[in-house]
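*Asks:* What follows is the file query.tsv, containing TSV, C-alpha atoms and all ligand atoms:
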chain	number	residue	atom	x	y	z
A	17	MET	CA	133.60	78.75	74.63
A	18	GLY	CA	137.37	79.16	74.24
A	19	ARG	CA	139.55	80.13	77.16
A	20	THR	CA	142.41	82.58	77.33
A	21	ILE	CA	145.99	81.44	77.94
A	22	SER	CA	145.82	82.76	81.50
A	23	GLU	CA	142.58	80.88	82.17
A	24	ARG	CA	144.09	77.65	80.88
A	25	ILE	CA	147.09	78.06	83.19
A	26	VAL	CA	145.08	79.11	86.24
A	27	ASP	CA	142.54	76.31	85.70
A	28	ARG	CA	145.39	73.79	86.03
A	29	LEU	CA	145.98	74.91	89.60
A	30	PRO	CA	143.04	73.41	91.57
A	31	TRP	CA	144.72	74.23	94.88
A	32	LEU	CA	143.80	77.86	94.21
A	33	ASP	CA	140.14	76.94	94.76
A	34	GLY	CA	140.92	75.29	98.09
A	35	LEU	CA	142.87	78.34	99.22
A	36	ALA	CA	140.10	80.68	98.05
A	37	GLU	CA	137.43	78.66	99.86
A	38	LYS	CA	139.35	78.95	103.12
A	39	THR	CA	140.30	82.60	102.71
A	40	GLN	CA	137.23	84.26	101.25
A	41	PRO	CA	134.86	83.86	104.26
A	42	LYS	CA	137.55	85.31	106.53
A	43	VAL	CA	138.03	88.33	104.24
A	44	GLN	CA	134.26	88.82	104.14
A	45	GLU	CA	134.05	88.58	107.93
A	46	VAL	CA	136.82	91.15	108.52
A	47	ILE	CA	135.32	93.63	106.05
A	48	ASP	CA	131.79	93.15	107.39
A	49	ARG	CA	133.10	93.82	110.88
A	50	GLY	CA	134.17	97.29	109.70
A	51	GLY	CA	130.55	98.06	108.79
A	52	VAL	CA	129.13	99.93	105.85
A	53	THR	CA	131.60	102.85	106.22
A	54	LEU	CA	134.61	100.58	105.68
A	55	ARG	CA	132.88	98.76	102.82
A	56	ASN	CA	132.04	102.00	101.04
A	57	ALA	CA	135.57	103.34	101.56
A	58	LEU	CA	137.16	100.19	100.09
A	59	ASP	CA	134.64	99.82	97.26
A	60	GLY	CA	135.16	103.44	96.09
A	61	VAL	CA	131.56	104.60	96.61
A	62	TRP	CA	132.94	107.96	97.84
A	63	ILE	CA	134.75	108.65	94.54
A	64	GLU	CA	132.02	107.03	92.41
A	65	VAL	CA	134.50	104.75	90.61
A	66	PRO	CA	136.14	101.49	91.71
A	67	LEU	CA	139.07	102.37	93.98
A	68	HIS	CA	141.41	99.45	93.19
A	69	PRO	CA	142.35	100.54	89.63
A	70	VAL	CA	142.95	104.09	90.88
A	71	LEU	CA	145.41	102.87	93.52
A	72	THR	CA	147.20	100.44	91.22
A	73	ASP	CA	148.31	103.43	89.14
A	74	VAL	CA	150.59	104.43	92.04
A	75	PRO	CA	152.88	101.34	92.02
A	76	VAL	CA	152.72	100.98	88.24
A	77	GLY	CA	153.89	104.57	87.72
A	78	SER	CA	156.37	104.69	90.60
A	79	TRP	CA	158.00	101.35	89.86
A	80	THR	CA	158.31	102.13	86.16
A	81	ALA	CA	160.08	105.36	87.14
A	82	ALA	CA	162.27	103.43	89.62
A	83	ILE	CA	163.36	100.95	86.92
A	84	ALA	CA	164.36	103.82	84.63
A	85	LEU	CA	166.16	105.66	87.44
A	86	ASP	CA	168.03	102.46	88.43
A	87	ALA	CA	169.20	102.20	84.83
A	88	VAL	CA	170.38	105.83	84.84
A	89	ASP	CA	172.21	105.21	88.12
A	90	LEU	CA	173.89	102.09	86.71
A	91	VAL	CA	175.04	103.87	83.58
A	92	SER	CA	176.03	107.23	85.07
A	93	GLY	CA	176.60	106.52	88.78
A	94	SER	CA	174.38	109.51	89.51
A	95	LYS	CA	173.64	109.80	93.22
A	96	ALA	CA	170.54	111.87	92.49
A	97	ALA	CA	169.18	109.13	90.21
A	98	ARG	CA	169.96	106.52	92.89
A	99	ASN	CA	168.10	108.43	95.60
A	100	ALA	CA	165.20	109.10	93.26
A	101	ALA	CA	165.03	105.39	92.37
A	102	ASP	CA	164.85	104.45	96.05
A	103	GLY	CA	162.17	107.09	96.66
A	104	ALA	CA	160.06	105.97	93.70
A	105	LEU	CA	160.38	102.35	94.79
A	106	ALA	CA	159.25	103.25	98.31
A	107	VAL	CA	156.22	105.23	97.05
A	108	GLY	CA	155.28	102.25	94.88
A	109	VAL	CA	155.53	99.86	97.84
A	110	VAL	CA	153.20	102.03	99.93
A	111	GLY	CA	150.76	102.30	97.02
A	112	GLY	CA	151.07	98.55	96.43
A	113	PHE	CA	149.98	97.72	99.98
A	114	ALA	CA	147.01	100.10	99.68
A	115	ALA	CA	146.01	98.63	96.30
A	116	ALA	CA	146.32	95.11	97.73
A	117	ALA	CA	143.98	95.89	100.64
A	118	VAL	CA	141.34	97.29	98.29
A	119	GLY	CA	141.84	94.49	95.76
A	120	ILE	CA	141.20	91.84	98.43
A	121	SER	CA	137.95	93.64	99.17
A	122	ASP	CA	136.93	93.53	95.47
A	123	TRP	CA	137.61	89.78	95.45
A	124	ARG	CA	135.39	88.99	98.44
A	125	TYR	CA	132.19	88.35	96.48
A	126	LEU	CA	133.63	86.57	93.41
A	127	GLY	CA	132.91	82.93	92.58
A	128	GLY	CA	134.01	80.25	90.10
A	129	GLY	CA	136.62	81.14	87.49
A	130	ALA	CA	136.68	84.81	88.51
A	131	ARG	CA	137.53	83.89	92.10
A	132	ARG	CA	140.31	81.58	90.89
A	133	MET	CA	141.70	84.24	88.56
A	134	GLY	CA	141.41	86.79	91.36
A	135	ILE	CA	143.41	84.77	93.85
A	136	ALA	CA	146.09	84.04	91.22
A	137	HIS	CA	146.26	87.79	90.52
A	138	GLY	CA	146.53	88.53	94.24
A	139	LEU	CA	149.21	85.91	94.94
A	140	LEU	CA	151.41	87.07	92.07
A	141	ASN	CA	151.13	90.68	93.16
A	142	ALA	CA	151.80	89.74	96.78
A	143	ALA	CA	155.00	87.93	95.69
A	144	GLY	CA	156.06	90.95	93.62
A	145	LEU	CA	155.30	93.33	96.47
A	146	ALA	CA	157.29	91.17	98.90
A	147	LEU	CA	160.31	91.23	96.57
A	148	ASN	CA	160.04	95.00	96.10
A	149	THR	CA	159.81	95.51	99.86
A	150	THR	CA	162.88	93.25	100.25
A	151	SER	CA	164.64	95.38	97.66
A	152	LEU	CA	164.07	98.46	99.81
A	153	VAL	CA	165.61	96.72	102.81
A	154	LEU	CA	168.60	95.50	100.76
A	155	ARG	CA	169.22	98.99	99.42
A	156	ALA	CA	168.96	100.53	102.88
A	157	THR	CA	171.53	98.04	104.22
A	158	GLY	CA	174.07	98.71	101.46
A	159	ARG	CA	173.37	95.68	99.27
A	160	ARG	CA	172.31	97.71	96.27
A	161	ASN	CA	172.99	95.18	93.51
A	162	ALA	CA	170.99	92.50	95.31
A	163	GLY	CA	168.29	95.12	95.84
A	164	ARG	CA	168.19	95.94	92.14
A	165	LEU	CA	167.86	92.25	91.25
A	166	ALA	CA	165.08	91.70	93.79
A	167	PHE	CA	163.24	94.70	92.38
A	168	LEU	CA	163.65	93.53	88.79
A	169	ALA	CA	162.19	90.14	89.73
A	170	GLY	CA	159.37	91.75	91.73
A	171	PHE	CA	158.50	94.20	88.97
A	172	SER	CA	158.34	91.37	86.41
A	173	ILE	CA	156.06	89.26	88.62
A	174	ASN	CA	153.83	92.29	89.24
A	175	GLY	CA	153.58	92.72	85.46
A	176	ILE	CA	152.16	89.20	85.09
A	177	GLY	CA	149.87	89.80	88.07
A	178	ALA	CA	148.61	93.03	86.50
A	179	HIS	CA	147.77	91.14	83.31
A	180	LEU	CA	145.52	88.79	85.29
A	181	GLY	CA	143.87	91.84	86.86
A	182	GLY	CA	143.10	93.09	83.36
A	183	GLU	CA	141.50	89.73	82.54
A	184	LEU	CA	139.28	90.07	85.58
A	185	SER	CA	137.88	93.30	84.18
A	186	TYR	CA	137.86	92.62	80.46
A	187	ASN	CA	137.07	88.91	80.46
A	188	TYR	CA	135.00	88.50	83.61
A	189	GLY	CA	133.44	91.98	83.71
A	190	LEU	CA	134.58	92.65	87.28
A	191	ARG	CA	133.54	96.15	88.45
A	192	VAL	CA	132.12	97.28	85.13
A	193	ASN	CA	128.73	99.01	84.93
A	194	ARG	CA	126.48	96.24	83.62
A	195	ASN	CA	123.63	98.63	82.84
A	196	VAL	CA	125.53	99.95	79.81
A	197	PHE	CA	125.08	96.62	78.01
A	198	GLU	CA	121.28	96.85	78.24
A	199	GLN	CA	118.93	98.62	75.87
A	200	ASP	CA	118.57	102.37	76.50
A	201	GLY	CA	114.79	102.18	76.91
A	202	PRO	CA	112.19	103.99	74.77
A	203	ASP	CA	113.24	107.29	73.19
A	204	GLU	CA	109.72	108.66	73.64
A	205	TYR	CA	107.13	108.18	76.37
A	206	VAL	CA	105.41	104.79	76.32
A	207	PRO	CA	102.77	103.49	78.77
A	208	VAL	CA	104.06	100.69	81.00
A	209	LEU	CA	101.51	100.26	83.82
A	210	GLU	CA	98.17	101.58	85.01
A	211	GLU	CA	98.88	104.10	87.74
A	212	SER	CA	96.35	102.47	90.08
A	213	GLU	CA	98.36	99.24	89.97
A	214	LEU	CA	101.42	100.77	91.68
A	215	SER	CA	100.87	100.93	95.42
A	216	GLU	CA	102.70	103.36	97.71
A	217	THR	CA	105.49	101.12	98.97
A	218	GLU	CA	105.71	98.71	96.07
A	219	MET	CA	108.67	98.22	93.74
A	220	ARG	CA	107.33	96.86	90.46
A	221	ARG	CA	109.45	95.51	87.61
A	222	VAL	CA	108.12	96.10	84.10
A	223	GLU	CA	109.72	95.10	80.79
A	224	VAL	CA	109.94	97.87	78.19
A	225	GLU	CA	111.62	97.47	74.82
A	226	GLY	CA	113.91	94.74	76.10
A	227	VAL	CA	114.93	96.41	79.33
A	228	GLY	CA	113.76	95.76	82.90
A	229	VAL	CA	112.60	98.92	84.70
A	230	LEU	CA	111.87	99.25	88.41
A	231	LEU	CA	108.90	101.51	89.16
A	232	SER	CA	108.22	102.93	92.60
A	233	ARG	CA	106.57	105.87	94.32
A	234	ALA	CA	108.85	108.11	96.36
A	235	GLN	CA	107.59	109.10	99.79
A	236	GLU	CA	106.32	112.44	98.47
A	237	GLY	CA	104.29	110.57	95.84
A	238	LYS	CA	106.50	111.12	92.79
A	239	ILE	CA	106.74	108.10	90.47
A	240	CYS	CA	110.33	107.02	89.85
A	241	ALA	CA	111.95	104.57	87.43
A	242	ILE	CA	115.46	103.10	87.44
A	243	ALA	CA	117.01	100.01	85.84
A	244	ALA	CA	115.71	96.89	87.57
A	245	THR	CA	118.99	95.03	87.06
A	246	CYS	CA	121.77	95.95	89.50
A	247	ASN	CA	124.72	97.43	87.63
A	248	HIS	CA	127.16	95.54	89.90
A	249	PHE	CA	126.51	91.88	89.05
A	250	SER	CA	122.98	92.00	87.60
A	251	GLY	CA	121.06	91.32	90.80
A	252	PRO	CA	117.24	91.60	90.47
A	253	LEU	CA	116.41	94.78	92.39
A	254	GLU	CA	112.67	94.03	92.46
A	255	GLU	CA	113.57	91.19	94.86
A	256	GLY	CA	115.56	93.53	97.10
A	257	ASP	CA	114.46	95.28	100.29
A	258	ARG	CA	113.02	98.75	100.18
A	259	GLU	CA	114.44	101.18	102.78
A	260	GLY	CA	112.64	104.50	102.51
A	261	ASP	CA	113.27	105.78	98.99
A	262	THR	CA	116.15	103.36	98.45
A	263	VAL	CA	116.43	99.73	97.38
A	264	VAL	CA	118.99	97.21	98.67
A	265	CYS	CA	120.17	94.66	96.10
A	266	PRO	CA	119.47	91.08	97.24
A	267	LEU	CA	122.87	89.78	96.04
A	268	HIS	CA	125.60	91.91	97.64
A	269	LYS	CA	123.65	94.68	99.41
A	270	SER	CA	124.41	97.66	97.18
A	271	ARG	CA	121.85	100.36	97.97
A	272	PHE	CA	120.46	102.72	95.33
A	273	ASP	CA	118.24	105.79	95.39
A	274	LEU	CA	114.98	104.73	93.76
A	275	CYS	CA	114.59	108.07	91.94
A	276	THR	CA	118.12	109.20	91.00
A	277	GLY	CA	119.64	105.71	90.78
A	278	GLN	CA	122.66	106.92	92.78
A	279	ALA	CA	124.72	104.21	94.51
A	280	ILE	CA	124.55	105.04	98.21
A	281	ASP	CA	126.23	101.87	99.51
A	282	GLY	CA	128.57	99.58	97.59
A	283	PRO	CA	129.93	97.38	96.22
A	284	ALA	CA	128.24	99.09	93.24
A	285	VAL	CA	129.70	102.54	92.62
A	286	PHE	CA	127.91	103.58	89.44
A	287	PRO	CA	124.38	104.98	89.39
A	288	GLN	CA	121.58	102.85	87.98
A	289	SER	CA	120.22	103.86	84.58
A	290	ARG	CA	117.28	106.20	85.13
A	291	TYR	CA	114.07	106.96	83.21
A	292	HIS	CA	111.77	109.96	82.95
A	293	THR	CA	108.23	109.25	84.14
A	294	ARG	CA	104.84	110.88	83.72
A	295	VAL	CA	101.19	109.90	84.11
A	296	ARG	CA	98.83	110.22	81.10
A	297	ASP	CA	95.25	108.92	80.93
A	298	GLY	CA	95.76	106.91	84.11
A	299	ASN	CA	98.89	105.19	82.79
A	300	ILE	CA	102.46	105.48	83.98
A	301	GLU	CA	104.68	106.32	81.00
A	302	ILE	CA	108.47	106.20	80.89
A	303	MET	CA	111.19	107.43	78.53
A	304	ALA	CA	114.98	106.94	78.53
A	305	THR	CA	117.13	109.78	79.87
A	306	THR	CA	119.96	111.20	77.79
A	307	GLU	CA	122.53	109.67	80.20
A	308	ASN	CA	121.33	106.18	79.23
A	309	VAL	CA	121.72	106.96	75.54
A	310	GLN	CA	125.15	108.53	76.02
A	311	LYS	CA	126.40	105.42	77.83
A	312	ARG	CA	125.49	103.15	74.95
A	313	VAL	CA	128.56	101.10	74.00
A	314	THR	CA	127.61	100.16	70.45
B	401	LIG	S1	124.60	92.32	92.09
B	401	LIG	FE1	126.10	92.80	93.56
B	401	LIG	S2	125.20	94.36	94.71
B	401	LIG	FE2	123.74	93.95	93.21
For the structure just supplied, provide its representation as structure tokens.
*Replies:*
Amino acid sequence: MGRTISERIVDRLPWLDGLAEKTQPKVQEVIDRGGVTLRNALDGVWIEVPLHPVLTDVPVGSWTAAIALDAVDLVSGSKAARNAADGALAVGVVGGFAAAAVGISDWRYLGGGARRMGIAHGLLNAAGLALNTTSLVLRATGRRNAGRLAFLAGFSINGIGAHLGGELSYNYGLRVNRNVFEQDGPDEYVPVLEESELSETEMRRVEVEGVGVLLSRAQEGKICAIAATCNHFSGPLEEGDREGDTVVCPLHKSRFDLCTGQAIDGPAVFPQSRYHTRVRDGNIEIMATTENVQKRVT
């Protein structure tokens, strides 16, 4: 398989792997120490979308405005433009630190080429953020031209870093809902298992029209069906632990409601695909929900 230009460059830097190997366990340890509340906050479970791309909009927007305002200041000498440039730069720096913290959290469970690309993305953005923070200090101490140059360099480096972040999503599939690439499931009820074969606490995977479905009985007896493949990184949920009416993914501990598919604990933030169920002639039957069909990408 061919590699992108960024991959070819990053793959020539083997020291990135050494650095990642040393750093990643420490990041994992610090985040784990904060417990499930910290993990869910950083992963974006509370807003039901990954948090890192939301936060990166702050520095991207603010710094773009600051560049334009610096240009206006240079051309016109406008004090208002100068103050606005400094303010926009400062907002971007604050947003940049927040985005960095959340981005490090996203990186904690990556491996192989994605981990390498992730650390390259992080290092470039850290360098850009350091230059932009330096620019603020230079401006505050009266060295405005040096501050403008530092910011220009920082903004450019952040642009390259942002490109690598895009590769992580588009090329490596980081933080995308992997359920949307699966088949929708049957568009009318089809039998999948004899009802007597599903015990009370069991989670049973069945294959239906090319898609894995996880069957279970909720505590009140209702039969539920969600996608058996975790939408985070395709973990096999039938091998996970059942906790009440939820299942914990064996790979990175995302927890989903067995009936609604909702992500209760991250790193997954999207709900699992869900299926209608009914019992006819002693058989459990399932059918795709409209949400599954609407999420189809082709
Ligand atoms: S694959 Fe990562 S939590 Fe399921």
*Asks:* Using 12 Å as the limit and counting all atoms listed in the file, can you tabulate each residue of region 81-138 of chain A that touches region 268-290 of chain A, with its shortest atom-to-atom distance in Å and the two atoms involved, as CSV?
*Replies:*
residue,atom,partner,partner_atom,distance
A:Val118,CA,A:Pro283,CA,11.6
A:Ser121,CA,A:Pro283,CA,9.3
A:Asp122,CA,A:Pro283,CA,8.0
A:Trp123,CA,A:Pro283,CA,10.8
A:Arg124,CA,A:His268,CA,10.2
A:Tyr125,CA,A:His268,CA,7.6
A:Leu126,CA,A:His268,CA,10.5
*Asks:* Using all atoms listed in the file, which of A:Ala166, A:Ile83, A:Val227, A:Ile239 sits nearest Asp200 (chain A)?
*Replies:*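 Nearest candidate to Asp200 (chain A) out of A:Ala166, A:Ile83, A:Val227, A:Ile239: A:Val227.
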*Asks:* CA of Gly60 (chain A) and atom FE1 of ligand LIG 401 (chain B) are how many Å apart?
*Replies:*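 Calculated distance between CA of Gly60 (chain A) and atom FE1 of ligand LIG 401 (chain B) is 14.2 Å.
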*Asks:* Centre and edge lengths of an axis-aligned box around all listed atoms of region 27-46 of chain A, with 6 Å added on each side, are to be given in Å to one decimal, as lines of an AutoDock Vina configuration file.
*Replies:*
center_x = 140.0
center_y = 82.3
center_z = 97.1
size_x = 23.9
size_y = 29.7
size_z = 34.8
*Asks:* Contacts of region 137-145 of chain A at 8 Å or less, counting all atoms listed in the file, minus same-chain residues fewer than 2 places along, as a list in words?
*Replies:* Val109, Gly112, Phe113, Ala116, Gly119, Ile120, Met133, Gly134, Ile135, Leu147, Asn148, Thr149, Ala169, Gly170, Phe171, Ser172, Ile173, Asn174, Ile176, Gly177, Ala178, Leu180 and Gly181 of chain A
*Asks:* Just to confirm, what's the straight-line distance from CA of Cys240 (chain A) to atom FE1 of ligand LIG 401 (chain B) in Å (one decimal)?
*Replies:*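 Between CA of Cys240 (chain A) and atom FE1 of ligand LIG 401 (chain B) the gap works out to 21.6 Å.
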